[in-house]
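K.L.:
Dropping the structure in here first, questions after.
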Amino acid sequence: MQTTIVGDVMDTRTDIDYLFEPRGVAVIGASQNSAKIGYQVVENIVQRGYKGRIYPINPKGGEVLGLKIYPDLSAVEGDVDIAVITIPARFVFDAVKECAAKHVKHVLIITSGFSEVGNAEEERKIVAYAREHGMRVLGPNIFGIYSAAASLDATFGPGGILPGRVAIITQSGALGIAMIGKTAAESLGLSALVSIGNKSDIDESDVLEYLTRDEATKVILMYIEGVKHGSRLVGMLKEVARKKHVIVIKSGRSRRGAMAAASHTGSLAGADEIFDSIMRQCGVLRAENVQDAFNWAHFLADAPLPKGKESVIVTNGGGIGVLATDACEKYGVDLYDNQAVLKDTFAPVMPSFGSSKNPVDLTGQATAEDYKRSLEAMLANDDMHAAIALYCETALFDTDSFADLLRVEYQHYKEKKPIIFSLFGGEKLEAIVRKLRAEGIPVFSDVYDGISSLGALYRSWRNLNAPAEVAEDVQIDVAAAEAILDRAREEKRGFLLANEAQQMAKVLGLSMPRSILASNLDEAVRAARTIGYPVVMKVVSKDIIHKSDAGGVALDLVSEKEVIDAYQAIMRSCRAYKADALIQGVEVVEMVKPGVETIIGARQDASFGPIVMFGLGGIYVEVMKDVAFRAAPISRREAHAMVSDIRSYPLLLGVRGEKRKDIDGIVDVAIKLGAVVDKCRDITDIEINPLVVYEHGQGVKAVDVRILFQTTREVR
Ligand code: COA
């Protein structure tokens, strides 16, 4: 934050504000040659009508577009808040030094040829210098910035950006430039457009910090390729998405970027699944493709928030009404279902052969007047919260005046209730769709596109109304946890043995089956007697991690004889598996009662930092990869949402007369695991597999706990 006096006015803008509302802009590398980027940037700034001072810089001097060209920054007399750099990479560092001398606040480096092509060192040098001198760097490898607040188009894009309510943040340059053209073609107005390129310094979170306060911005659309500082981004998105609609498009759905898998939690965590889950946690809408993102952004920018969740479909075609019903189910749009009220509302205003059920089917014989009266009747009913108006071309409507009818209806709805129109028919109707869309009216050719947009509004709306999530305050004895890890570190181990995992489970307050460590056969027999049959026996050896593969596990031992036989069999097969393995003994464990087997874990993710994961065990996890994630630490509600995110959640609610399972027990464990990986960052991976879940009120049992950690302690 900075406080200076500009004229008589107290200037209380934070640093990032100067990026969007600069008082003076320099273009270093401004050229008189219209084919150069250094010319195009100046041209866009001039044409857009930037309100501040423009300073083209080029040692050759002269004039460009009627502006004096300064030989260097030191010759500029006024304040320069941002400097756009459009000179080759090898000259950029010196230009940044000049910027520092001029007290520039932000350098925007359009130039390519840095970390994106392996020249990371030069990029680091520039950023380090800039930060040391109180400057921030946007880029390098960007196409610039547009800010409606300053009427500034400092990009080398095609121009023609319309001012509006949607802000775009893009990591991809080419796609971003193409988006400029698309916004113009679709009459989508922008409040800002920021190219973040290599994100060497300023990243999405910095830009969001400004946009969350910017009153003109109603919708934020982000195109992301990779996340660098995930924890900060999560915090920022959670805050922004409670105030504005946030849409994200992320490329790279492949698993290649996933962290090397050390466990299930790792291998199941395809980078994309984690991203998807965490965006949901933040209340961000994830679009599959650019077209969906644009449709949603366009609609959300103008749509009023609904007052409730029930929508009504009005149609003149039965088939398209059914399609719309399917689409509503797909996109989570609820339909109003009070049949008596539907009849009272629509029967008086529709043809007698129509159907007042929702979809309200006016039939193909409906006239424009029937259509209009039905929409008005829906608008007048406060319990009907959003309208889906469908139209299939018929001879009974005068298609020419139909556009006017929709304009009028849209004006009636505009401030009161969300409405989408979907028109299906020939070329004339398509022309109407294009025309009305250009006017900002939410008209779609495909009913699915329209309802997908309404679904996006509903998902975002639920989040806008939600209270801020506060992570559960879990008391964890970090010192005790670290002490367990330290003892293992003394043996240069990065994982815990079963008995140590037991101790850790105790520190975390996890309920585990009773277990006794036995170092010989006699002790094993005594241990089984103490615990009570049936028992399980597992080898304990720091040289054998995969106990089952080594034949080191025996289940369901019901008598002393079985314990003796199993002990001997385990010793034999483990020696055969690894002759030089140092075997400390066996762990005799209470055999747990059967329940629903789940898997729950937490780890340090390369992008998002600490994360928690949950899924159903067995085939659900192996084959279906039915798992959900959250960025940790998590609140109770977030933990519940993670559990209910999995597709097989109904199994936990109880199917075919079964009782509901102890979901609260799972939630407790999820919260604890999230807290421990947040507080002990050197625990890289903790996994409970299975976590057996019993009926509601009967709790959960952590049958096997695996913990991996860094062999050197993290200094925090
Ligand atoms: N200060 C001011 N001007 C300088 C300068 C300096 N230190 N050094 C050079 N210049 C001038 C040049 O004389 C030239 O002006 P001129 O046309 O009057 O001769 C102008 O700056 C540009 O330099 P030039 O050497 O002609 O470079 P260029 O225009 O061919 O290329 C870039 C410069 C930045 C466009 C190019 O290096 C680049 O990175 N292109 C890729 C950009 C990109 O795609 N970014 C990502 C988009 S998503």
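Each chain in the structure tokens gets a letter, A, B, ..., in the order shown, and its residues are numbered from 1; ligands are numbered from 1 in order too.
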Do you know which residues are within 7 Å of ligand 1 using only C-alpha atoms and all ligand atoms? Can you write them as a short mmCIF file (atom, residue, chain, number, x, y, z; two decimals) with all heavy atoms, in the first residue's frame?
P.N.:
```
data_model
loop_
_atom_site.label_atom_id
_atom_site.label_comp_id
_atom_site.auth_asym_id
_atom_site.auth_seq_id
_atom_site.Cartn_x
_atom_site.Cartn_y
_atom_site.Cartn_z
N ILE A 28 8.92 1.35 -24.25
CA ILE A 28 10.36 1.30 -24.55
C ILE A 28 10.55 0.40 -25.77
O ILE A 28 10.29 -0.80 -25.70
CB ILE A 28 11.15 0.79 -23.33
CG1 ILE A 28 10.91 1.74 -22.15
CG2 ILE A 28 12.63 0.67 -23.66
CD1 ILE A 28 11.61 1.36 -20.87
N GLY A 29 10.96 1.05 -26.87
CA GLY A 29 11.05 0.32 -28.14
C GLY A 29 9.94 0.77 -29.07
O GLY A 29 9.62 0.09 -30.05
N ALA A 30 9.35 1.95 -28.75
CA ALA A 30 8.29 2.51 -29.61
C ALA A 30 8.91 2.73 -30.99
O ALA A 30 10.02 3.26 -31.09
CB ALA A 30 7.81 3.83 -29.04
N SER A 31 8.21 2.30 -32.00
CA SER A 31 8.80 2.37 -33.34
C SER A 31 7.91 3.16 -34.28
O SER A 31 6.68 3.21 -34.10
CB SER A 31 9.00 0.94 -33.86
OG SER A 31 9.42 0.97 -35.19
N GLN A 32 8.52 3.74 -35.29
CA GLN A 32 7.74 4.43 -36.32
C GLN A 32 7.32 3.45 -37.41
O GLN A 32 6.54 3.80 -38.29
CB GLN A 32 8.58 5.56 -36.92
CG GLN A 32 8.80 6.69 -35.93
CD GLN A 32 9.91 7.63 -36.38
OE1 GLN A 32 11.00 7.20 -36.76
NE2 GLN A 32 9.64 8.92 -36.32
N ASN A 33 7.85 2.26 -37.32
CA ASN A 33 7.56 1.24 -38.33
C ASN A 33 6.29 0.49 -37.92
O ASN A 33 6.26 -0.24 -36.92
CB ASN A 33 8.77 0.30 -38.38
CG ASN A 33 8.56 -0.86 -39.34
OD1 ASN A 33 7.45 -1.11 -39.80
ND2 ASN A 33 9.64 -1.57 -39.63
N LYS A 36 5.97 -3.09 -36.59
CA LYS A 36 6.61 -3.55 -35.34
C LYS A 36 5.66 -3.50 -34.15
O LYS A 36 4.78 -2.64 -34.07
CB LYS A 36 7.82 -2.66 -35.05
CG LYS A 36 8.89 -2.78 -36.11
CD LYS A 36 10.25 -2.84 -35.51
CE LYS A 36 11.26 -3.12 -36.60
NZ LYS A 36 12.57 -2.64 -36.24
N ILE A 37 5.91 -4.41 -33.23
CA ILE A 37 5.10 -4.46 -32.01
C ILE A 37 5.20 -3.14 -31.25
O ILE A 37 4.22 -2.62 -30.70
CB ILE A 37 5.53 -5.67 -31.14
CG1 ILE A 37 5.05 -6.97 -31.79
CG2 ILE A 37 4.99 -5.55 -29.72
CD1 ILE A 37 5.38 -8.25 -31.04
N GLY A 38 6.38 -2.54 -31.27
CA GLY A 38 6.60 -1.27 -30.59
C GLY A 38 5.78 -0.13 -31.18
O GLY A 38 5.57 0.91 -30.54
N ILE A 57 9.52 5.68 -26.23
CA ILE A 57 10.97 5.77 -26.00
C ILE A 57 11.71 5.03 -27.12
O ILE A 57 11.41 3.85 -27.39
CB ILE A 57 11.37 5.11 -24.65
CG1 ILE A 57 10.48 5.57 -23.49
CG2 ILE A 57 12.86 5.33 -24.37
CD1 ILE A 57 10.70 6.97 -23.01
N ASN A 58 12.67 5.75 -27.74
CA ASN A 58 13.52 5.13 -28.77
C ASN A 58 14.72 6.05 -28.97
O ASN A 58 14.52 7.26 -29.17
CB ASN A 58 12.72 4.98 -30.08
CG ASN A 58 13.45 4.14 -31.11
OD1 ASN A 58 14.67 4.30 -31.30
ND2 ASN A 58 12.73 3.25 -31.77
N PRO A 59 15.94 5.52 -28.90
CA PRO A 59 17.11 6.40 -29.02
C PRO A 59 17.14 7.20 -30.32
O PRO A 59 17.77 8.25 -30.39
CB PRO A 59 18.30 5.43 -28.94
CG PRO A 59 17.76 4.07 -28.90
CD PRO A 59 16.30 4.12 -28.68
N LYS A 60 16.39 6.70 -31.34
CA LYS A 60 16.39 7.43 -32.62
C LYS A 60 15.61 8.73 -32.55
O LYS A 60 15.74 9.59 -33.41
CB LYS A 60 15.77 6.55 -33.71
CG LYS A 60 16.62 5.36 -34.07
CD LYS A 60 15.91 4.57 -35.15
CE LYS A 60 16.65 3.28 -35.42
NZ LYS A 60 15.82 2.32 -36.13
N ASP A 72 15.41 8.47 -24.19
CA ASP A 72 15.44 7.48 -23.11
C ASP A 72 14.54 7.94 -21.97
O ASP A 72 14.03 9.07 -21.98
CB ASP A 72 16.87 7.19 -22.62
CG ASP A 72 17.56 8.45 -22.17
OD1 ASP A 72 16.92 9.26 -21.48
OD2 ASP A 72 18.74 8.65 -22.56
N THR A 86 9.28 -3.42 -25.43
CA THR A 86 9.12 -4.12 -26.72
C THR A 86 10.44 -4.13 -27.48
O THR A 86 10.48 -3.81 -28.67
CB THR A 86 8.03 -3.45 -27.59
OG1 THR A 86 8.47 -2.12 -27.90
CG2 THR A 86 6.70 -3.37 -26.89
N ILE A 87 11.51 -4.45 -26.79
CA ILE A 87 12.83 -4.53 -27.44
C ILE A 87 13.39 -5.94 -27.25
O ILE A 87 12.93 -6.68 -26.37
CB ILE A 87 13.81 -3.47 -26.87
CG1 ILE A 87 13.97 -3.63 -25.35
CG2 ILE A 87 13.34 -2.06 -27.21
CD1 ILE A 87 14.99 -2.70 -24.71
N PRO A 88 14.34 -6.34 -28.07
CA PRO A 88 14.85 -7.72 -27.98
C PRO A 88 15.38 -8.08 -26.59
O PRO A 88 15.86 -7.21 -25.84
CB PRO A 88 15.96 -7.75 -29.02
CG PRO A 88 15.59 -6.69 -30.01
CD PRO A 88 14.94 -5.61 -29.20
N ALA A 89 15.32 -9.38 -26.28
CA ALA A 89 15.60 -9.88 -24.93
C ALA A 89 16.96 -9.40 -24.39
O ALA A 89 17.06 -9.06 -23.21
CB ALA A 89 15.55 -11.41 -24.94
N PHE A 91 18.47 -6.72 -24.58
CA PHE A 91 18.53 -5.33 -24.11
C PHE A 91 17.60 -5.07 -22.91
O PHE A 91 17.58 -3.98 -22.37
CB PHE A 91 18.12 -4.36 -25.24
CG PHE A 91 18.97 -4.50 -26.47
CD1 PHE A 91 18.38 -4.63 -27.73
CD2 PHE A 91 20.36 -4.50 -26.39
CE1 PHE A 91 19.16 -4.74 -28.87
CE2 PHE A 91 21.15 -4.62 -27.54
CZ PHE A 91 20.55 -4.75 -28.78
N ALA A 95 17.16 -1.94 -19.91
CA ALA A 95 15.96 -1.10 -19.92
C ALA A 95 15.29 -1.12 -18.54
O ALA A 95 14.78 -0.10 -18.05
CB ALA A 95 14.99 -1.59 -20.99
N ILE A 110 6.93 -7.45 -22.88
CA ILE A 110 6.29 -8.17 -23.99
C ILE A 110 7.27 -9.16 -24.61
O ILE A 110 6.89 -10.25 -25.04
CB ILE A 110 5.77 -7.14 -25.03
CG1 ILE A 110 4.52 -6.46 -24.43
CG2 ILE A 110 5.49 -7.81 -26.36
CD1 ILE A 110 3.74 -5.57 -25.35
N THR A 111 8.53 -8.79 -24.60
CA THR A 111 9.58 -9.59 -25.22
C THR A 111 9.55 -11.08 -24.85
O THR A 111 9.37 -11.42 -23.67
CB THR A 111 10.95 -9.02 -24.79
OG1 THR A 111 10.90 -7.60 -24.94
CG2 THR A 111 12.08 -9.61 -25.61
N SER A 112 9.76 -11.93 -25.84
CA SER A 112 9.92 -13.37 -25.61
C SER A 112 11.41 -13.69 -25.55
O SER A 112 12.24 -12.84 -25.85
CB SER A 112 9.31 -14.17 -26.76
OG SER A 112 7.97 -13.83 -26.92
N GLY A 113 11.71 -14.95 -25.21
CA GLY A 113 13.10 -15.38 -25.21
C GLY A 113 13.65 -15.53 -23.80
O GLY A 113 14.86 -15.42 -23.60
N ASN A 141 7.11 -12.28 -22.04
CA ASN A 141 6.39 -13.13 -22.97
C ASN A 141 4.88 -12.90 -22.87
O ASN A 141 4.12 -13.84 -22.72
CB ASN A 141 6.76 -14.60 -22.69
CG ASN A 141 6.31 -15.54 -23.76
OD1 ASN A 141 6.19 -15.15 -24.92
ND2 ASN A 141 6.03 -16.78 -23.39
N ILE A 142 4.49 -11.63 -22.94
CA ILE A 142 3.06 -11.28 -22.83
C ILE A 142 2.64 -10.44 -24.04
O ILE A 142 3.49 -9.96 -24.78
CB ILE A 142 2.79 -10.46 -21.54
CG1 ILE A 142 3.64 -9.17 -21.53
CG2 ILE A 142 3.04 -11.30 -20.30
CD1 ILE A 142 3.24 -8.19 -20.46
N PHE A 143 1.32 -10.26 -24.18
CA PHE A 143 0.89 -9.35 -25.25
C PHE A 143 0.41 -8.02 -24.69
O PHE A 143 -0.01 -7.15 -25.42
CB PHE A 143 -0.16 -9.99 -26.16
CG PHE A 143 -1.45 -10.33 -25.46
CD1 PHE A 143 -2.41 -9.37 -25.25
CD2 PHE A 143 -1.68 -11.63 -25.02
CE1 PHE A 143 -3.60 -9.69 -24.60
CE2 PHE A 143 -2.86 -11.95 -24.39
CZ PHE A 143 -3.82 -10.98 -24.17
N SER A 172 -1.93 -17.83 -21.78
CA SER A 172 -1.52 -18.05 -23.18
C SER A 172 -1.63 -16.75 -23.95
O SER A 172 -2.68 -16.09 -23.94
CB SER A 172 -2.41 -19.10 -23.83
OG SER A 172 -2.37 -18.96 -25.24
N GLY A 173 -0.57 -16.41 -24.66
CA GLY A 173 -0.57 -15.18 -25.43
C GLY A 173 -1.43 -15.30 -26.67
O GLY A 173 -2.36 -14.51 -26.88
N ALA A 174 -1.16 -16.33 -27.47
CA ALA A 174 -1.86 -16.45 -28.75
C ALA A 174 -3.36 -16.56 -28.53
O ALA A 174 -4.16 -15.89 -29.19
CB ALA A 174 -1.34 -17.67 -29.50
N GLY A 197 1.69 -14.30 -19.16
CA GLY A 197 2.88 -14.93 -19.74
C GLY A 197 3.62 -15.87 -18.81
O GLY A 197 3.03 -16.78 -18.23
#
```
K.L.:
With DSSP run on the backbone, what are the strand (DSSP E or B) residues within stretch 341-510 of chain A? I'd like them as a list in words.
P.N.:
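Those in stretch 341-510 of chain A that DSSP calls strand (DSSP E or B) are Ser355, Val360, Asp361, Ala386, Ala387, Ile388, Ala389, Leu390, Tyr391, Cys392, Ile419, Ile420, Phe421, Ser422, Leu423, Phe424, Val443, Phe444 and Phe495 of chain A.
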K.L.:
How would the residues just picked look written out with N, CA, C and O atoms as an mmCIF file, in the first residue's frame?
P.N.:
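Listed below is the output, result02.cif:
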```cif
data_model
loop_
_atom_site.group_PDB
_atom_site.id
_atom_site.type_symbol
_atom_site.label_atom_id
_atom_site.label_comp_id
_atom_site.auth_asym_id
_atom_site.auth_seq_id
_atom_site.Cartn_x
_atom_site.Cartn_y
_atom_site.Cartn_z
ATOM 1 N N SER A 355 -50.018 -27.969 -22.465
ATOM 2 C CA SER A 355 -49.792 -28.607 -21.165
ATOM 3 C C SER A 355 -49.139 -27.601 -20.220
ATOM 4 O O SER A 355 -48.126 -26.979 -20.561
ATOM 5 N N VAL A 360 -43.780 -26.033 -19.684
ATOM 6 C CA VAL A 360 -45.083 -25.508 -20.081
ATOM 7 C C VAL A 360 -45.096 -25.540 -21.613
ATOM 8 O O VAL A 360 -44.360 -24.806 -22.262
ATOM 9 N N ASP A 361 -45.932 -26.454 -22.176
ATOM 10 C CA ASP A 361 -45.896 -26.672 -23.623
ATOM 11 C C ASP A 361 -47.076 -25.969 -24.283
ATOM 12 O O ASP A 361 -48.225 -26.405 -24.153
ATOM 13 N N ALA A 386 -36.527 -18.499 -12.454
ATOM 14 C CA ALA A 386 -35.789 -18.253 -13.695
ATOM 15 C C ALA A 386 -36.575 -18.843 -14.853
ATOM 16 O O ALA A 386 -37.288 -19.834 -14.681
ATOM 17 N N ALA A 387 -36.439 -18.228 -16.027
ATOM 18 C CA ALA A 387 -37.220 -18.680 -17.184
ATOM 19 C C ALA A 387 -36.320 -19.225 -18.280
ATOM 20 O O ALA A 387 -35.256 -18.679 -18.559
ATOM 21 N N ILE A 388 -36.803 -20.323 -18.863
ATOM 22 C CA ILE A 388 -36.126 -20.907 -20.020
ATOM 23 C C ILE A 388 -37.154 -20.848 -21.145
ATOM 24 O O ILE A 388 -38.153 -21.579 -21.112
ATOM 25 N N ALA A 389 -36.953 -19.944 -22.087
ATOM 26 C CA ALA A 389 -37.953 -19.723 -23.128
ATOM 27 C C ALA A 389 -37.460 -20.354 -24.430
ATOM 28 O O ALA A 389 -36.453 -19.934 -24.986
ATOM 29 N N LEU A 390 -38.203 -21.387 -24.895
ATOM 30 C CA LEU A 390 -37.760 -22.130 -26.070
ATOM 31 C C LEU A 390 -38.709 -21.864 -27.236
ATOM 32 O O LEU A 390 -39.914 -21.705 -27.042
ATOM 33 N N TYR A 391 -38.134 -21.844 -28.417
ATOM 34 C CA TYR A 391 -38.993 -21.616 -29.572
ATOM 35 C C TYR A 391 -38.502 -22.424 -30.765
ATOM 36 O O TYR A 391 -37.331 -22.350 -31.145
ATOM 37 N N CYS A 392 -39.417 -23.203 -31.335
ATOM 38 C CA CYS A 392 -39.127 -23.892 -32.595
ATOM 39 C C CYS A 392 -39.888 -23.140 -33.690
ATOM 40 O O CYS A 392 -41.065 -22.812 -33.512
ATOM 41 N N ILE A 419 -33.298 -15.010 -17.466
ATOM 42 C CA ILE A 419 -34.030 -15.666 -18.552
ATOM 43 C C ILE A 419 -33.034 -16.031 -19.653
ATOM 44 O O ILE A 419 -32.093 -15.277 -19.907
ATOM 45 N N ILE A 420 -33.213 -17.215 -20.222
ATOM 46 C CA ILE A 420 -32.448 -17.538 -21.432
ATOM 47 C C ILE A 420 -33.451 -17.928 -22.527
ATOM 48 O O ILE A 420 -34.506 -18.497 -22.236
ATOM 49 N N PHE A 421 -33.100 -17.568 -23.739
ATOM 50 C CA PHE A 421 -33.931 -17.933 -24.881
ATOM 51 C C PHE A 421 -33.166 -18.927 -25.742
ATOM 52 O O PHE A 421 -31.953 -18.801 -25.912
ATOM 53 N N SER A 422 -33.896 -19.895 -26.279
ATOM 54 C CA SER A 422 -33.259 -20.785 -27.244
ATOM 55 C C SER A 422 -34.168 -20.899 -28.456
ATOM 56 O O SER A 422 -35.340 -21.264 -28.333
ATOM 57 N N LEU A 423 -33.642 -20.538 -29.614
ATOM 58 C CA LEU A 423 -34.446 -20.539 -30.835
ATOM 59 C C LEU A 423 -33.882 -21.548 -31.811
ATOM 60 O O LEU A 423 -32.672 -21.567 -32.058
ATOM 61 N N PHE A 424 -34.771 -22.371 -32.348
ATOM 62 C CA PHE A 424 -34.313 -23.411 -33.257
ATOM 63 C C PHE A 424 -35.091 -23.324 -34.560
ATOM 64 O O PHE A 424 -36.322 -23.385 -34.554
ATOM 65 N N VAL A 443 -29.582 -15.197 -26.084
ATOM 66 C CA VAL A 443 -30.297 -16.053 -27.029
ATOM 67 C C VAL A 443 -29.308 -17.092 -27.562
ATOM 68 O O VAL A 443 -28.193 -16.752 -27.935
ATOM 69 N N PHE A 444 -29.758 -18.345 -27.578
ATOM 70 C CA PHE A 444 -28.877 -19.431 -28.016
ATOM 71 C C PHE A 444 -29.567 -20.241 -29.096
ATOM 72 O O PHE A 444 -30.787 -20.369 -29.090
ATOM 73 N N PHE A 495 10.164 -43.199 5.692
ATOM 74 C CA PHE A 495 8.812 -43.743 5.911
ATOM 75 C C PHE A 495 8.750 -44.317 7.322
ATOM 76 O O PHE A 495 9.780 -44.633 7.914
#
```
K.L.:
Using only C-alpha atoms, which residue out of A:Lys68, A:Lys97, A:Lys372, A:Arg437 lies closest to A:Asn316?
P.N.:
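Among A:Lys68, A:Lys97, A:Lys372, A:Arg437, it is A:Lys372 that comes nearest to A:Asn316.
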K.L.:
Among stretch 227-447 of chain A, which ones does DSSP place in alpha helix (DSSP H), written as a ChimeraX atom specification?
P.N.:
/A:230-240,264-268,271-282,290-302,318-331,339-346,368-380,399-413,427-438,447
K.L.:
Please list as a PyMOL selection string every residue within 7 Å of stretch 675-687 of chain A, counting only C-alpha atoms and excluding residues in the same chain fewer than 3 positions away.
P.N.:
chain A and resi 265+474+478+600-604+610+632-633+671-672+705-710+713-714
K.L.:
Would you mind listing what lies within 7 Å of A:Pro359 as a PyMOL selection string, with only C-alpha atoms counted and same-chain residues fewer than 2 positions away left out?
P.N.:
chain A and resi 312-315+321+357+361
K.L.:
To one decimal place, how far is atom CA of A:Glu310 from atom CA of A:Leu335 in Å?
P.N.:
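Here the two named atoms are 5.0 Å from each other.
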K.L.:
Residues near stretch 574-582 of chain A, anyone? I mean within 8 Å using only C-alpha atoms, not counting same-chain ones fewer than 4 positions away, as number ranges by chain.
P.N.:
A: 541-544, 550-552, 570
K.L.:
Return the single residue from A:Lys51, A:His412, A:Arg373, A:Lys250 that is closest to A:Val290, with distances computed using only C-alpha atoms.
P.N.:
A:Lys250
K.L.:
Compare A:Leu557, A:Gly61, A:Gly24, A:Arg90 by their minimum atom-to-atom distance to A:Val104, counting only C-alpha atoms, and give me the closest one.
P.N.:
A:Gly24
K.L.:
To one decimal place, how far is atom CA of A:Asp556 from atom CA of A:Ala527 in Å?
P.N.:
14.6 Å
K.L.:
Skip stretch 229-237 of chain A itself and residues of its chain fewer than 6 positions away, then list as a list in words all residues within 7 Å of it, counting only C-alpha atoms.
P.N.:
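So the residues in contact are Ser205, Cys282, Ser607, Phe608 and Gly609 of chain A.
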K.L.:
With distances taken over only C-alpha atoms, which residue among A:Cys328, A:Val137, A:Leu221, A:Ile126 lies nearest A:Val92?
P.N.:
A:Ile126
